[in-house]
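J.: Got coords33.csv for you, CSV, C-alpha atoms (C1' of nucleotides):
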```csv
chain,number,residue,atom,x,y,z
A,870,MET,CA,19.7,101.8,61.5
A,871,SER,CA,21.2,98.5,60.9
A,872,ALA,CA,21.5,97.7,64.6
A,873,LEU,CA,18.4,99.0,66.3
A,874,PRO,CA,19.6,102.5,67.1
A,875,GLY,CA,17.2,102.8,70.0
A,876,THR,CA,18.7,100.0,72.0
A,877,CYS,CA,22.2,100.3,70.9
A,878,PRO,CA,23.7,103.7,71.2
A,879,SER,CA,27.0,102.7,69.5
A,880,GLY,CA,26.9,106.0,67.6
A,881,ASP,CA,26.5,108.1,70.8
A,882,GLU,CA,28.6,111.2,70.7
A,883,LYS,CA,30.5,110.4,73.9
A,884,VAL,CA,31.2,106.9,72.7
A,885,VAL,CA,32.6,108.2,69.5
A,886,LEU,CA,34.7,110.7,71.3
A,887,PHE,CA,36.1,108.1,73.6
A,888,GLY,CA,36.9,105.9,70.7
A,889,LEU,CA,38.6,108.7,69.0
A,890,LEU,CA,40.7,109.3,72.1
A,891,LEU,CA,41.8,105.7,72.2
A,892,GLU,CA,42.5,105.6,68.5
A,893,THR,CA,44.4,108.8,68.3
A,894,ASN,CA,46.5,107.9,71.2
A,895,ALA,CA,47.3,104.4,69.9
A,896,ARG,CA,48.2,105.7,66.5
A,897,MET,CA,50.5,108.4,67.8
A,898,ALA,CA,52.1,106.2,70.4
A,899,ARG,CA,52.7,103.4,67.9
A,900,ASP,CA,54.2,105.8,65.3
A,901,LEU,CA,56.4,107.6,67.8
A,902,SER,CA,57.4,104.3,69.4
A,903,ALA,CA,58.5,102.9,66.0
A,904,GLU,CA,60.5,106.0,65.4
A,905,LEU,CA,62.3,106.0,68.8
A,906,GLU,CA,63.0,102.3,68.4
A,907,ALA,CA,64.4,102.7,65.0
A,908,THR,CA,66.6,105.8,65.6
A,909,CYS,CA,67.5,105.4,69.3
A,910,ALA,CA,66.8,101.8,70.1
A,911,LEU,CA,64.8,103.2,73.0
A,912,PRO,CA,61.3,101.7,73.7
A,913,LEU,CA,58.7,104.3,74.3
A,914,ALA,CA,58.1,103.0,77.9
A,915,TRP,CA,61.8,103.6,78.6
A,916,PHE,CA,61.6,107.1,77.2
A,917,GLU,CA,58.6,107.8,79.4
A,918,VAL,CA,60.4,106.7,82.5
A,919,LEU,CA,63.5,108.8,81.7
A,920,LEU,CA,61.4,111.8,81.0
A,921,GLN,CA,59.6,111.5,84.3
A,922,LEU,CA,62.8,111.2,86.1
A,923,ARG,CA,64.3,114.3,84.5
A,924,GLN,CA,61.1,116.3,85.2
A,925,ALA,CA,61.2,115.2,88.8
A,926,PRO,CA,62.5,118.0,91.2
A,927,ASP,CA,65.8,116.1,92.1
A,928,GLY,CA,66.0,113.7,89.2
A,929,ARG,CA,64.7,110.7,91.1
A,930,LEU,CA,61.4,109.1,91.9
A,931,LYS,CA,60.1,106.2,94.0
A,932,MET,CA,58.9,103.1,92.2
A,933,SER,CA,55.3,103.9,93.1
A,934,GLN,CA,55.6,107.4,91.8
A,935,ILE,CA,56.9,106.1,88.5
A,936,ALA,CA,54.1,103.5,88.3
A,937,ASP,CA,51.5,106.2,88.9
A,938,ALA,CA,53.1,108.7,86.4
A,939,ILE,CA,53.3,106.2,83.5
A,940,VAL,CA,50.1,104.4,84.6
A,941,HIS,CA,51.6,100.9,85.0
A,942,SER,CA,51.0,98.4,87.7
A,943,THR,CA,53.7,98.2,90.4
A,944,GLY,CA,54.7,94.8,89.2
A,945,GLY,CA,55.1,95.9,85.7
A,946,THR,CA,57.1,98.9,86.8
A,947,THR,CA,59.5,96.7,88.8
A,948,ARG,CA,60.3,94.7,85.6
A,949,LEU,CA,60.5,97.9,83.5
A,950,ILE,CA,63.0,99.4,85.9
A,951,ASP,CA,64.9,96.1,86.0
A,952,ARG,CA,65.5,96.5,82.3
A,953,LEU,CA,66.4,100.1,82.5
A,954,GLU,CA,68.8,99.4,85.2
A,955,GLU,CA,70.3,96.5,83.3
A,956,ALA,CA,70.9,98.9,80.5
A,957,SER,CA,72.5,101.3,83.0
A,958,LEU,CA,70.1,104.1,82.2
A,959,VAL,CA,68.8,104.3,85.8
A,960,GLU,CA,70.0,103.3,89.2
A,961,ARG,CA,68.2,102.0,92.2
A,962,GLN,CA,69.1,103.8,95.4
A,963,LEU,CA,68.1,103.1,99.0
A,964,CYS,CA,65.7,105.6,100.5
A,965,PRO,CA,67.3,106.9,103.8
A,966,THR,CA,63.9,107.5,105.5
A,967,ASP,CA,61.9,104.5,104.4
A,968,ARG,CA,63.7,101.2,104.0
A,969,ARG,CA,60.7,99.7,102.0
A,970,ALA,CA,61.0,102.4,99.3
A,971,ILE,CA,63.4,102.5,96.4
A,972,HIS,CA,64.7,105.7,94.8
A,973,VAL,CA,65.2,105.4,91.1
A,974,ALA,CA,67.7,107.9,89.7
A,975,ILE,CA,68.6,108.7,86.1
A,976,THR,CA,72.3,108.0,85.2
A,977,ALA,CA,74.6,110.1,83.1
A,978,GLU,CA,74.1,107.5,80.3
A,979,GLY,CA,70.4,107.8,80.8
A,980,ASN,CA,70.6,111.5,80.4
A,981,ARG,CA,72.5,111.1,77.2
A,982,ARG,CA,70.1,108.6,75.7
A,983,LEU,CA,67.2,110.8,76.8
A,984,ASP,CA,68.7,113.8,75.0
A,985,ASP,CA,69.0,111.8,71.8
A,986,ALA,CA,65.4,110.6,72.2
A,987,LEU,CA,64.1,114.0,73.0
A,988,ALA,CA,65.5,115.3,69.7
A,989,VAL,CA,63.6,112.6,67.8
A,990,HIS,CA,60.6,113.2,69.9
A,991,LEU,CA,60.5,116.9,69.3
A,992,ASN,CA,60.9,116.4,65.7
A,993,TYR,CA,58.0,114.0,65.7
A,994,LEU,CA,55.9,116.5,67.6
A,995,ASP,CA,56.8,119.3,65.3
A,996,GLN,CA,55.4,117.3,62.4
A,997,HIS,CA,52.5,115.5,64.0
A,998,LEU,CA,51.4,117.9,66.7
A,999,ALA,CA,52.5,121.4,65.8
A,1000,GLY,CA,51.9,120.6,62.1
A,1001,ARG,CA,48.3,119.9,62.8
A,1002,LEU,CA,47.3,122.1,65.7
A,1003,GLY,CA,48.2,125.7,66.2
A,1004,ALA,CA,49.5,127.1,69.5
A,1005,SER,CA,46.1,128.1,70.7
A,1006,GLU,CA,44.6,124.8,69.7
A,1007,ARG,CA,47.3,123.0,71.6
A,1008,ARG,CA,46.5,125.1,74.7
A,1009,SER,CA,42.9,124.1,74.4
A,1010,LEU,CA,43.7,120.5,74.1
A,1011,THR,CA,46.0,120.7,77.1
A,1012,SER,CA,43.2,122.3,79.1
A,1013,LEU,CA,40.7,119.7,78.0
A,1014,LEU,CA,42.9,116.7,78.7
A,1015,THR,CA,43.9,118.2,82.1
A,1016,LYS,CA,40.2,118.1,83.1
A,1017,LEU,CA,39.9,114.5,82.1
A,1018,ASN,CA,43.2,113.4,83.6
A,1019,VAL,CA,41.9,112.9,87.2
A,1020,PRO,CA,44.3,110.6,89.1
A,1021,ALA,CA,41.9,108.4,91.1
A,1022,ASP,CA,38.6,106.8,90.3
A,1023,ARG,CA,36.0,109.5,91.0
B,56,MET,CA,69.5,123.2,86.4
B,57,SER,CA,70.0,119.7,87.5
B,58,ALA,CA,69.8,118.6,83.8
B,59,LEU,CA,70.9,121.6,81.8
B,60,PRO,CA,67.6,123.0,80.8
B,61,GLY,CA,69.0,124.6,77.7
B,62,THR,CA,70.0,121.4,76.1
B,63,CYS,CA,67.1,119.3,77.4
B,64,PRO,CA,63.7,120.6,76.6
B,65,SER,CA,61.9,118.1,78.8
B,66,GLY,CA,59.5,120.8,79.9
B,67,ASP,CA,58.6,121.8,76.3
B,68,GLU,CA,55.0,122.6,75.9
B,69,LYS,CA,54.5,120.0,73.2
B,70,VAL,CA,56.2,117.3,75.1
B,71,VAL,CA,54.0,118.0,78.1
B,72,LEU,CA,50.9,117.9,76.0
B,73,PHE,CA,51.9,114.6,74.4
B,74,GLY,CA,52.7,113.2,77.9
B,75,LEU,CA,49.3,114.4,79.0
B,76,LEU,CA,47.6,112.6,76.1
B,77,LEU,CA,49.4,109.4,76.9
B,78,GLU,CA,48.6,109.6,80.6
B,79,THR,CA,45.0,110.6,80.2
B,80,ASN,CA,44.3,107.9,77.7
B,81,ALA,CA,46.1,105.2,79.8
B,82,ARG,CA,44.2,106.2,82.9
B,83,MET,CA,40.8,106.2,81.3
B,84,ALA,CA,41.4,103.0,79.4
B,85,ARG,CA,42.7,101.3,82.5
B,86,ASP,CA,39.7,102.4,84.6
B,87,LEU,CA,37.1,101.5,82.0
B,88,SER,CA,38.9,98.3,81.3
B,89,ALA,CA,38.7,97.3,84.9
B,90,GLU,CA,35.0,98.2,85.1
B,91,LEU,CA,34.1,96.3,81.9
B,92,GLU,CA,36.1,93.3,83.1
B,93,ALA,CA,34.4,93.3,86.5
B,94,THR,CA,30.9,93.8,85.4
B,95,CYS,CA,30.7,92.1,82.0
B,96,ALA,CA,33.8,89.9,81.9
B,97,LEU,CA,34.6,91.6,78.7
B,98,PRO,CA,38.1,92.8,78.0
B,99,LEU,CA,38.4,96.3,76.6
B,100,ALA,CA,39.9,95.0,73.4
B,101,TRP,CA,36.9,92.7,72.8
B,102,PHE,CA,34.6,95.6,73.4
B,103,GLU,CA,36.4,97.7,70.9
B,104,VAL,CA,36.1,95.0,68.2
B,105,LEU,CA,32.4,94.5,68.9
B,106,LEU,CA,31.8,98.2,68.7
B,107,GLN,CA,33.6,98.5,65.4
B,108,LEU,CA,31.6,95.7,64.0
B,109,ARG,CA,28.4,97.2,65.1
B,110,GLN,CA,29.3,100.6,63.6
B,111,ALA,CA,30.3,99.0,60.3
B,112,PRO,CA,27.7,99.5,57.6
B,113,ASP,CA,26.7,95.8,57.4
B,114,GLY,CA,27.9,94.6,60.7
B,115,ARG,CA,31.1,93.0,59.4
B,116,LEU,CA,34.6,94.0,58.7
B,117,LYS,CA,37.7,92.4,57.2
B,118,MET,CA,40.6,91.5,59.5
B,119,SER,CA,42.7,94.2,58.1
B,120,GLN,CA,40.0,96.8,58.7
B,121,ILE,CA,39.7,95.7,62.3
B,122,ALA,CA,43.4,95.9,62.8
B,123,ASP,CA,43.5,99.4,61.4
B,124,ALA,CA,40.5,100.6,63.4
B,125,ILE,CA,41.7,99.4,66.7
B,126,VAL,CA,45.4,100.0,65.9
B,127,HIS,CA,46.7,96.5,66.3
B,128,SER,CA,49.2,94.6,64.2
B,129,THR,CA,47.6,92.1,61.9
B,130,GLY,CA,49.1,89.2,63.9
B,131,GLY,CA,47.7,90.5,67.1
B,132,THR,CA,44.3,90.9,65.5
B,133,THR,CA,44.3,87.3,64.3
B,134,ARG,CA,44.8,86.1,67.8
B,135,LEU,CA,42.3,88.6,69.2
B,136,ILE,CA,39.6,87.4,66.7
B,137,ASP,CA,40.5,83.8,67.6
B,138,ARG,CA,39.5,84.5,71.2
B,139,LEU,CA,36.4,86.4,70.2
B,140,GLU,CA,35.4,83.6,67.9
B,141,GLU,CA,36.2,81.0,70.5
B,142,ALA,CA,33.8,82.8,72.8
B,143,SER,CA,31.1,82.9,70.0
B,144,LEU,CA,30.9,86.6,69.9
B,145,VAL,CA,32.1,86.9,66.3
B,146,GLU,CA,32.2,84.6,63.3
B,147,ARG,CA,34.7,84.3,60.5
B,148,GLN,CA,33.1,84.2,57.1
B,149,LEU,CA,34.5,83.6,53.7
B,150,CYS,CA,34.7,86.7,51.4
B,151,PRO,CA,33.0,85.8,48.2
B,152,THR,CA,35.1,88.2,46.1
B,153,ASP,CA,38.5,87.7,47.6
B,154,ARG,CA,39.6,84.3,48.9
B,155,ARG,CA,42.5,85.8,50.8
B,156,ALA,CA,40.2,87.9,52.9
B,157,ILE,CA,38.1,87.0,55.9
B,158,HIS,CA,34.9,88.7,56.9
B,159,VAL,CA,34.4,89.0,60.6
B,160,ALA,CA,30.7,89.3,61.7
B,161,ILE,CA,29.2,89.9,65.1
B,162,THR,CA,27.0,87.2,66.3
B,163,ALA,CA,23.7,87.5,68.2
B,164,GLU,CA,25.5,86.6,71.4
B,165,GLY,CA,28.1,89.2,70.5
B,166,ASN,CA,25.3,91.8,70.2
B,167,ARG,CA,23.9,90.9,73.5
B,168,ARG,CA,27.3,91.2,75.3
B,169,LEU,CA,27.9,94.4,73.5
B,170,ASP,CA,24.6,95.9,74.7
B,171,ASP,CA,25.5,95.0,78.3
B,172,ALA,CA,29.0,96.5,77.9
B,173,LEU,CA,27.6,99.6,76.3
B,174,ALA,CA,25.4,100.3,79.3
B,175,VAL,CA,28.5,100.1,81.5
B,176,HIS,CA,30.5,102.1,79.1
B,177,LEU,CA,27.9,104.9,78.8
B,178,ASN,CA,27.6,105.0,82.6
B,179,TYR,CA,31.4,105.4,82.8
B,180,LEU,CA,31.4,108.1,80.2
B,181,ASP,CA,28.6,110.0,81.9
B,182,GLN,CA,30.7,110.2,85.0
B,183,HIS,CA,34.1,110.6,83.6
B,184,LEU,CA,33.6,112.4,80.4
B,185,ALA,CA,30.3,114.3,80.6
B,186,GLY,CA,30.9,114.9,84.3
B,187,ARG,CA,34.1,116.8,83.5
B,188,LEU,CA,33.5,118.3,80.1
B,189,GLY,CA,30.4,120.1,78.9
B,190,ALA,CA,28.9,119.5,75.5
B,191,SER,CA,30.7,122.3,73.7
B,192,GLU,CA,34.0,121.2,75.3
B,193,ARG,CA,33.4,117.7,74.1
B,194,ARG,CA,32.8,119.0,70.6
B,195,SER,CA,36.1,120.9,70.8
B,196,LEU,CA,38.0,117.8,71.9
B,197,THR,CA,36.4,115.8,69.2
B,198,SER,CA,37.5,118.4,66.7
B,199,LEU,CA,41.1,118.6,68.0
B,200,LEU,CA,41.6,114.8,68.2
B,201,THR,CA,40.2,114.4,64.7
B,202,LYS,CA,42.9,116.7,63.4
B,203,LEU,CA,45.5,114.6,65.2
B,204,ASN,CA,44.1,111.2,64.2
B,205,VAL,CA,45.7,111.0,60.7
B,206,PRO,CA,45.7,107.4,59.6
B,207,ALA,CA,49.1,107.0,57.9
B,208,ASP,CA,52.5,108.4,58.7
B,209,ARG,CA,52.7,111.7,57.0
C,674,DG,C1',57.2,97.9,123.3
C,675,DA,C1',54.0,94.7,121.0
C,676,DC,C1',50.4,93.7,117.9
C,677,DA,C1',47.5,95.0,114.1
C,678,DA,C1',46.9,97.2,110.0
C,679,DG,C1',48.7,99.6,106.2
C,680,DT,C1',52.2,100.5,102.6
C,681,DA,C1',56.4,99.6,99.1
C,682,DA,C1',58.3,96.7,96.3
C,683,DT,C1',59.1,92.1,94.2
C,684,DT,C1',57.9,87.5,92.4
C,685,DG,C1',55.2,83.5,89.9
C,686,DC,C1',52.1,82.9,86.6
C,687,DA,C1',49.1,83.7,82.8
C,688,DT,C1',48.2,86.3,78.9
C,689,DA,C1',48.3,89.7,75.2
C,690,DT,C1',51.0,91.7,71.8
C,691,DG,C1',54.3,92.9,68.1
C,692,DC,C1',57.6,91.4,64.6
C,693,DA,C1',59.2,88.7,61.0
C,694,DA,C1',58.7,84.7,58.2
C,695,DC,C1',55.4,82.1,55.7
C,696,DT,C1',51.2,80.6,52.9
C,697,DA,C1',47.7,81.5,49.8
C,698,DT,C1',45.5,84.3,46.7
C,699,DA,C1',45.0,88.4,43.6
C,700,DC,C1',46.7,91.7,40.3
C,701,DT,C1',49.9,93.3,36.4
C,702,DA,C1',52.8,93.2,32.4
C,703,DG,C1',54.7,91.0,28.7
D,1388,DC,C1',49.1,82.2,30.1
D,1389,DT,C1',53.1,82.9,32.8
D,1390,DA,C1',56.2,85.3,35.8
D,1391,DG,C1',56.7,88.7,39.0
D,1392,DT,C1',54.9,91.5,42.5
D,1393,DA,C1',51.6,92.9,45.9
D,1394,DT,C1',48.2,91.9,49.3
D,1395,DA,C1',45.4,89.2,53.3
D,1396,DG,C1',45.8,86.5,56.9
D,1397,DT,C1',48.2,83.2,60.0
D,1398,DT,C1',52.0,81.3,62.7
D,1399,DG,C1',56.5,80.9,65.7
D,1400,DC,C1',58.9,83.3,68.8
D,1401,DA,C1',60.2,86.7,72.1
D,1402,DT,C1',58.7,90.1,75.2
D,1403,DA,C1',56.0,93.2,78.1
D,1404,DT,C1',52.3,93.5,81.1
D,1405,DG,C1',48.8,92.8,84.8
D,1406,DC,C1',47.1,90.3,88.9
D,1407,DA,C1',47.5,88.1,93.1
D,1408,DA,C1',50.4,86.4,96.6
D,1409,DT,C1',54.6,87.4,99.2
D,1410,DT,C1',58.2,89.8,101.9
D,1411,DA,C1',59.8,93.6,104.3
D,1412,DC,C1',59.2,97.6,106.6
D,1413,DT,C1',56.3,101.4,108.8
D,1414,DT,C1',52.7,103.4,111.5
D,1415,DG,C1',49.1,103.6,114.9
D,1416,DT,C1',47.0,101.8,119.2
D,1417,DC,C1',46.9,100.0,123.5
```
Just give me the structure of the file as structure tokens.
T.:
Amino acid sequence: MSALPGTCPSGDEKVVLFGLLLETNARMARDLSAELEATCALPLAWFEVLLQLRQAPDGRLKMSQIADAIVHSTGGTTRLIDRLEEASLVERQLCPTDRRAIHVAITAEGNRRLDDALAVHLNYLDQHLAGRLGASERRSLTSLLTKLNVPADR
Amino acid sequence: MSALPGTCPSGDEKVVLFGLLLETNARMARDLSAELEATCALPLAWFEVLLQLRQAPDGRLKMSQIADAIVHSTGGTTRLIDRLEEASLVERQLCPTDRRAIHVAITAEGNRRLDDALAVHLNYLDQHLAGRLGASERRSLTSLLTKLNVPADR
DNA sequence: GACAAGTAATTGCATATGCAACTATACTAG
DNA sequence: CTAGTATAGTTGCATATGCAATTACTTGTC
């Protein structure tokens, strides 16, 4: 009413939903990030990388795969991996079949730090995810987000 | 096996769901951001602020309300509003009842730019939201995210 | 095999952001 | 009314990130 509802669909259902997605994500990421930082001294971005590496079939990924998985630019990923390597949590390895590519592998130290962080993370999720959504709701949410999470543009 | 699955629940259903939330959000935000930037020269963060202001009862919010709504630190919000004000899209106004507080109001120019951006935004959402989720799925998602989007910590 | 086009990662630069310290104002208790 | 505490916003500083240009390598074509 206050802003010409006809011309300005700021209250549109889809707009509200998208805003809710942004806000919910930001809130949870910020809270979890603070908790990881406080208890494990591990930035959320580092945690994401280590998690991706562990989930990878052979515990290693190429730079570009990491960039895609965590939705960073390749430049940003280079610097992020620089820091992780500096902290001895991952290791750059040559790719035997493509000399342009770099394999990033998690180290023993990285695995240890990830275990610590996972404990904190799981505790957080028990409280803030499982505490608010039941198992079937979580399955629904997973299904809905999967439909939205389309890699490329269209 | 490569990482002691028993001790390392990296494939835990909740962990996967949370990762999916992060990834979906990042992907959509990045795509929409690029589109807004390209077509309207309006950063996503600016769009978020303008949208919040329009949705506010009287078209203005205090700094701290904005910070909370868009999940930024207060320091970050100060700078963000600095830039928006510099671009004449918002205006700082004194609060008559509390001299510590600042009212941020959207300007006519801000409203115009927001209208442009909303058109782009709605088009994006038609493709990427409504194109992938039906109306009842969107209602479900809204409901689920609402349960997760709890303002404070506990 | 040589050249063109494509791909992987890195770098320089600009910018956006958070944290902690600080200032100014408001509230509360005595 | 004064002192102490809480709150709103801003600032200095450090850091993380994206974009565009660059380098190095690969692939496809003739």
J.: Using CA of Ser195 (chain B) and CA of Leu889 (chain A) as the two end points, give the distance in Å to one decimal.
T.: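 One can read the CA of Ser195 (chain B) to CA of Leu889 (chain A) distance as 12.6 Å.
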J.: Write out as a list in words the residues lying within 12 Å of DT680 (chain C), counting only C-alpha atoms (C1' of nucleotides) and excluding same-chain residues fewer than 5 positions away.
T.: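 Answer for this query is Ser933, Asp967, Arg968, Arg969 and Ala970 of chain A; DA1411, DC1412, DT1413 and DT1414 of chain D.
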J.: Near chain B, meaning an atom within 6 Å, which residues of chain A appear when counting all atoms listed in the file? Write them as a list of chain:residue names.
T.: A:Leu886, A:Thr893, A:Thr1011, A:Asn1018
J.: Show me, as a PDB file with C-alpha atoms (C1' of nucleotides), keeping the file's coordinate frame, the residues of chain C whose atoms get within 8 Å of chain B, using all atoms listed in the file for the distance check.
T.:
```pdb
ATOM      1  C1'  DT C 690      51.000  91.700  71.800  1.00  0.00           C
ATOM      2  C1'  DG C 691      54.300  92.900  68.100  1.00  0.00           C
ATOM      3  C1'  DA C 697      47.700  81.500  49.800  1.00  0.00           C
ATOM      4  C1'  DT C 698      45.500  84.300  46.700  1.00  0.00           C
ATOM      5  C1'  DA C 699      45.000  88.400  43.600  1.00  0.00           C
TER       6       DA C 699
END
```
J.: Quick one: everything within 12 Å of DG1399 (chain D), counting only C-alpha atoms (C1' of nucleotides), minus sequence neighbours fewer than 5 positions away in the same chain. Send it as a ChimeraX atom specification.
T.: /B:130 /C:692-695
J.: Between D:DG1405, D:DT1389, D:DT1394, D:DC1400, which residue has the minimum interatomic distance to chain A, considering only C-alpha atoms (C1' of nucleotides)?
T.: D:DG1405
J.: Pick out the residues sitting within 12 Å of DT1416 (chain D), and hand them over as a PDB file with C-alpha atoms (C1' of nucleotides), in the frame of the given file; count all atoms listed in the file, and ignore anything fewer than 3 positions along from it in its own chain.
T.:
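Final output, selection_24.pdb:
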```
ATOM      1  C1'  DG C 674      57.200  97.900 123.300  1.00  0.00           C
ATOM      2  C1'  DA C 675      54.000  94.700 121.000  1.00  0.00           C
ATOM      3  C1'  DC C 676      50.400  93.700 117.900  1.00  0.00           C
ATOM      4  C1'  DA C 677      47.500  95.000 114.100  1.00  0.00           C
ATOM      5  C1'  DA C 678      46.900  97.200 110.000  1.00  0.00           C
TER       6       DA C 678
END
```
J.: Have a look at A:Val989, A:Cys909, A:Ile935, A:Cys964 and name the one nearest to chain D; count all atoms listed in the file.
T.: A:Cys964
J.: How far is it from CA of Trp915 (chain A) to CA of Gln962 (chain A), in Å with one decimal?
T.: 18.3 Å
J.: For chain D against chain B, which residues fall within 9 Å using all atoms listed in the file, given as JSON, numbers by chain?
T.: {"D": [1394, 1395, 1396, 1397, 1398]}
J.: For the point (55.1, 81.0, 91.2) in file coordinates, what residues are within 12 Å, counting all atoms listed in the file? Give the answer as a PyMOL selection string?
T.: (chain C and resi 684-687) or (chain D and resi 1407-1409)
J.: Figure out the distance between CA of Pro151 (chain B) and C1' of DC1388 (chain D), please, to one decimal in Å.
T.: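 Straight-line distance from C1' of DC1388 (chain D) to CA of Pro151 (chain B) works out to 24.5 Å.
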